[in-house]
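Some notes on the structure that comes next.
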Amino acid sequence: MIARARATLARWRDPLPQARRSRIEAFGAIVQLTRPRALVFVDRDRARHLGLEGGAAWADPAADGELDRGPLSAPLEAHLQLTNRCDAGCAGCYTGANPAAGAGEWGLAEWRRAIDALADAGVFHVALGGGESAVLPWLGELVDHARARGVVPNLTTSGLAGLDRLLPIAEHFGQINVSLDGLGATYGAVRGFDGFARADAAIRALRSVKREIGINVVVTRANFDELPGLFAYARRRRLTEVELLRWKPAGRGAAVYQRLRCTDAQHRALLPTVLAATKRHRVRVKLDCSYTPMIAHHDPGPALLAALAVYGCTGGDFLIGAKPTGAITACSFAAPPPPLGDHRPTVTELGAYWSRPDAFGRFRAWRAPAEPCASCAYLPQCRGGCRVVSGHAGDLGAPDPECPRVVDHAARQPRERRHLTVV
Amino acid sequence: MRSHGRILATKWGMNPNSSSLGVDVTFLLVGMTAVAMATPIVGALIRWRRPAAQPPAGASAPSARSVRDA
């Protein structure tokens with residue numbers, strides 16, 4: 001134990017791997033720490049204290065310390081769908097992945113250029129997904145290129161294919177999560193086939209070569225009651241985190257959305273359930289951006305959510321997505337923006353597209369919401385909830401129809417004025 | 001005394017999920033007081049760490065150590 005403590009202390013004191021990166025923003029700066037892993041948002045005085053100078057970016061004194069005043073200068077992270085190829089055939093796949101690669105999918109050379117564009121913009125992380133990116137023979141080369149450009153690559157995999165390629169390069173990723181939507185038969189109930197044993201074997205194999213392994217769980221009404229069991233599983237497998245994702249009505253997921261999405265009662269019970277599970281099993285928990293309305297429902301305080309950088313829809317701001325063809329999107333579930341001239345903007349054109357006043361359309365229009373968001377104290381954090389769910393309900397700019405506050409607000413309206421889905 | 005400024009927010013961890021932005025909410029267990037107590041530690045860490053040089057375009061693959069530790 002003493003030797004382990006000494007080794008840990010030595011790693012913490014070694015300055016090289018702990019070198020910080022930073023990026024100037026209008027409000028101040030964002031500083032990246034690699035140990036502990038964090039992005040720290042600071043105002044201009046704190047940035048100056050660190051030796052940073054903002055120049056023209058700090059011309060407006062009113063923007064100092066105002067994190068939510070406008071979009072960031074670039075995304076924090078980019079979600080790159082490297083391929084739409086996947087043999088799993090999950091019933092609710094949000095990309096509609098299939099065994100054949102789609103037309104016009106980019107290869108290594110194009111994705112290397114995309115990494116260059118993201119690095120030049122100051123993006124800190126990329127999350128690689130698919131389809132099943134682990135089957136790509138050039139994944140290791142791309143990951144090394146990201147590292148060389150100072151961008152931390154992270155990965156989501158089903159664990160059902162490509163494991164032999166992934167294991168030798170696993171250590172090159174910051175974090176790898178395996179999709180695991182249930183234990184035993186529940187996995188099949190959500191995904192439509194029995195893949196639990198293979199996913200479990202992949203988790204064990206990855207954990208044997210890398211510490212930062214977690215699971216992604218898409219929460220549905222079929223597996224909600226199993227959440228404590230999934231935390232217990234993560235503890236048994238010595239995983240670092242459980243990330244819970246809300247079911248989105250995208251790809252094949254749209255067809256089964258009404259059947260599998262959580263009920264209103266489950267949404268209201270989510271936060272207490274997962275906090276009890278994380279406390280009992282001592283596994284860290286992440287909630288995806290679309291769950292911010294369900295967090296705000298329990299009124300933890302806007303200041304606490306702000307301090308923890310808990311945000312709702314940050315598509316086209318904190319994050320962007322890219323389709324297998326390179327087309328840029330506000331998030332992985334969103335459709336690409338309309339063509340500019342003869343083509344749709346790609347992720348390699350991020351720098352030019354980002355500053356356009358119409359960039360990402362209504363994803364950036366959360367500052368002028370309808371009720372009940374307009375009077376909600378959590379608006380700067382929640383930003384109206386998930387745009388994709390709102391779009392599925394009929395209006396991408398409307399408040400998230402599954403937010404408990406929105407559900408309660410709709411229930412109070414006279415029947416003839418109701419226009420939002422009551423869950 | 002000159003102000004050292006404020007830490008506005010800290011986003012913990014890295015997000016491997018390629019479909020949405022995952023945020024670590026474990027700190028909701030301990031509340032604002034604990035977060036406020038942790039803030040000076042975060043401030044010391046970002047002050048302590050040295051700035052990294054921006055890797056140039058076309059840089060070679062990193063060393064095993066820098067890969068392992070990031």
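Identifiers in this document derive from the order of the structure tokens: chains are assigned A, B, ..., residues are numbered from 1 separately in each chain, and ligands are numbered from 1 in order of occurrence.
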- Could you please select, counting only C-alpha atoms, the residues of chain A within 6 Å of chain B and state them as number ranges by chain? A: 17, 19-21, 34, 37-43, 45-46, 49, 79, 127-129, 144, 148-149, 154-156, 172, 175-176, 284-289, 304, 307-309, 332
Could those residues be written to a file, using C-alpha atoms, as a compact mmCIF listing (two decimals), in the first residue's frame?
# COMPACT_ATOMS: atom_id res chain seq x y z
CA PRO A 17 2.03 14.74 -17.95
CA ALA A 19 0.96 20.25 -18.12
CA ARG A 20 -2.15 22.32 -18.60
CA ARG A 21 -3.65 23.53 -21.84
CA THR A 34 -5.17 16.01 -17.15
CA ARG A 37 -9.29 15.29 -15.40
CA ALA A 38 -11.17 18.53 -15.63
CA LEU A 39 -11.94 21.58 -17.69
CA VAL A 40 -11.86 24.67 -15.48
CA PHE A 41 -13.68 27.83 -16.58
CA VAL A 42 -12.12 30.97 -15.12
CA ASP A 43 -12.78 34.69 -15.39
CA ASP A 45 -8.58 38.02 -13.53
CA ARG A 46 -7.95 34.35 -12.82
CA HIS A 49 -3.15 35.22 -12.71
CA HIS A 79 -18.42 13.70 -31.45
CA ALA A 127 -15.54 11.21 -28.61
CA LEU A 128 -15.27 8.58 -31.32
CA GLY A 129 -18.29 6.47 -32.12
CA ASP A 144 -2.25 8.67 -32.30
CA ALA A 148 -0.01 14.26 -31.34
CA ARG A 149 -2.22 17.32 -31.92
CA ASN A 154 -12.27 8.93 -26.10
CA LEU A 155 -14.34 6.04 -27.39
CA THR A 156 -17.72 4.38 -27.11
CA HIS A 172 -4.11 5.53 -26.03
CA GLN A 175 -11.74 6.99 -21.48
CA ILE A 176 -13.49 4.04 -23.10
CA ARG A 284 -19.11 7.84 -10.31
CA VAL A 285 -22.17 8.73 -12.35
CA LYS A 286 -22.56 10.91 -15.41
CA LEU A 287 -25.86 12.06 -16.82
CA ASP A 288 -26.14 13.15 -20.40
CA CYS A 289 -27.10 16.70 -21.35
CA LEU A 304 -24.42 24.34 -7.87
CA ALA A 307 -20.30 25.29 -10.65
CA LEU A 308 -20.42 21.71 -11.94
CA ALA A 309 -20.92 22.80 -15.57
CA SER A 332 -24.98 13.49 -32.98
- Message: Which residues are close to A:His343, i.e. within 10 Å by only C-alpha atoms, leaving aside same-chain residues fewer than 4 positions away? Reply as number ranges by chain.
- Response: A: 327, 338-339
- Fewer than 5 positions away in the same chain doesn't count, so skip those; otherwise give me all residues within 8 Å of A:Gly122, counting only C-alpha atoms, as number ranges by chain. A: 23, 74-76
Writer output for current selection, N, CA and C atoms, as an mmCIF file, in the first residue's frame:
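Wrote part05.cif, looks like this:
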data_model
loop_
_atom_site.group_PDB
_atom_site.id
_atom_site.type_symbol
_atom_site.label_atom_id
_atom_site.label_comp_id
_atom_site.auth_asym_id
_atom_site.auth_seq_id
_atom_site.Cartn_x
_atom_site.Cartn_y
_atom_site.Cartn_z
ATOM 1 N N ARG A 23 -7.453 27.835 -23.247
ATOM 2 C CA ARG A 23 -8.037 28.495 -24.411
ATOM 3 C C ARG A 23 -8.707 29.776 -23.948
ATOM 4 N N ALA A 74 -15.116 27.960 -29.560
ATOM 5 C CA ALA A 74 -15.027 26.672 -30.263
ATOM 6 C C ALA A 74 -15.650 25.631 -29.340
ATOM 7 N N PRO A 75 -16.000 24.466 -29.851
ATOM 8 C CA PRO A 75 -16.552 23.439 -28.956
ATOM 9 C C PRO A 75 -15.510 22.957 -27.945
ATOM 10 N N LEU A 76 -16.007 22.407 -26.843
ATOM 11 C CA LEU A 76 -15.108 21.709 -25.923
ATOM 12 C C LEU A 76 -14.749 20.347 -26.486
#
- Task: Counting only C-alpha atoms, figure out which residue out of A:Arg282, A:Ala322, A:Val274, A:Pro249 gets nearest to A:Ala393.
- Result: A:Pro249
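With atom CA of A:Ser179 on one side and atom CA of A:Arg235 on the other, the separation reads 15.9 Å.
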- Message: Based on the backbone DSSP call, show me all residues of stretch 1-54 of chain B assigned strand (DSSP E or B), as a VMD selection string.
- Response: chain B and resid 7 to 12 22 to 24 51
With C-alpha atoms retained, could you export that selection as a CSV table (one decimal), in the first residue's frame?
chain,number,residue,atom,x,y,z
B,7,ILE,CA,-13.3,29.9,-11.0
B,8,LEU,CA,-16.7,29.9,-12.7
B,9,ALA,CA,-17.2,26.2,-13.2
B,10,THR,CA,-15.4,22.9,-13.3
B,11,LYS,CA,-16.4,20.1,-15.6
B,12,TRP,CA,-15.0,16.9,-14.3
B,22,GLY,CA,-22.0,13.6,-20.2
B,23,VAL,CA,-21.5,15.5,-16.9
B,24,ASP,CA,-20.3,14.0,-13.7
B,51,PRO,CA,1.5,25.4,-19.6
For stretch 88-91 of chain A, please output as a short mmCIF file (atom, residue, chain, number, x, y, z; two decimals) with C-alpha atoms, in the first residue's frame all residues within 7 Å (counting only C-alpha atoms; exclusion window: fewer than 4 positions along the same chain).
data_model
loop_
_atom_site.label_atom_id
_atom_site.label_comp_id
_atom_site.auth_asym_id
_atom_site.auth_seq_id
_atom_site.Cartn_x
_atom_site.Cartn_y
_atom_site.Cartn_z
CA ASN A 98 -26.04 -1.42 -40.53
CA ARG A 191 -31.40 -3.95 -27.78
CA GLY A 192 -33.43 -6.67 -29.43
CA ARG A 252 -34.26 3.42 -35.60
CA GLY A 253 -34.84 4.75 -32.08
#
- Within 9 Å of A:Pro336, counting only C-alpha atoms, which residues show up once you throw out same-chain ones fewer than 5 positions away? Write them as a list in words, please. Ala322, Lys323, Ala327, Ile328, Thr329, Ala330, Arg344, Pro345 and Phe360 of chain A
- Task: Show which residues sit within 7 Å of A:Phe231, as a list in words. Count only C-alpha atoms, and ignore same-chain residues fewer than 5 positions away.
- Result: Val242, Ala277, Thr278, His281 and Val283 of chain A
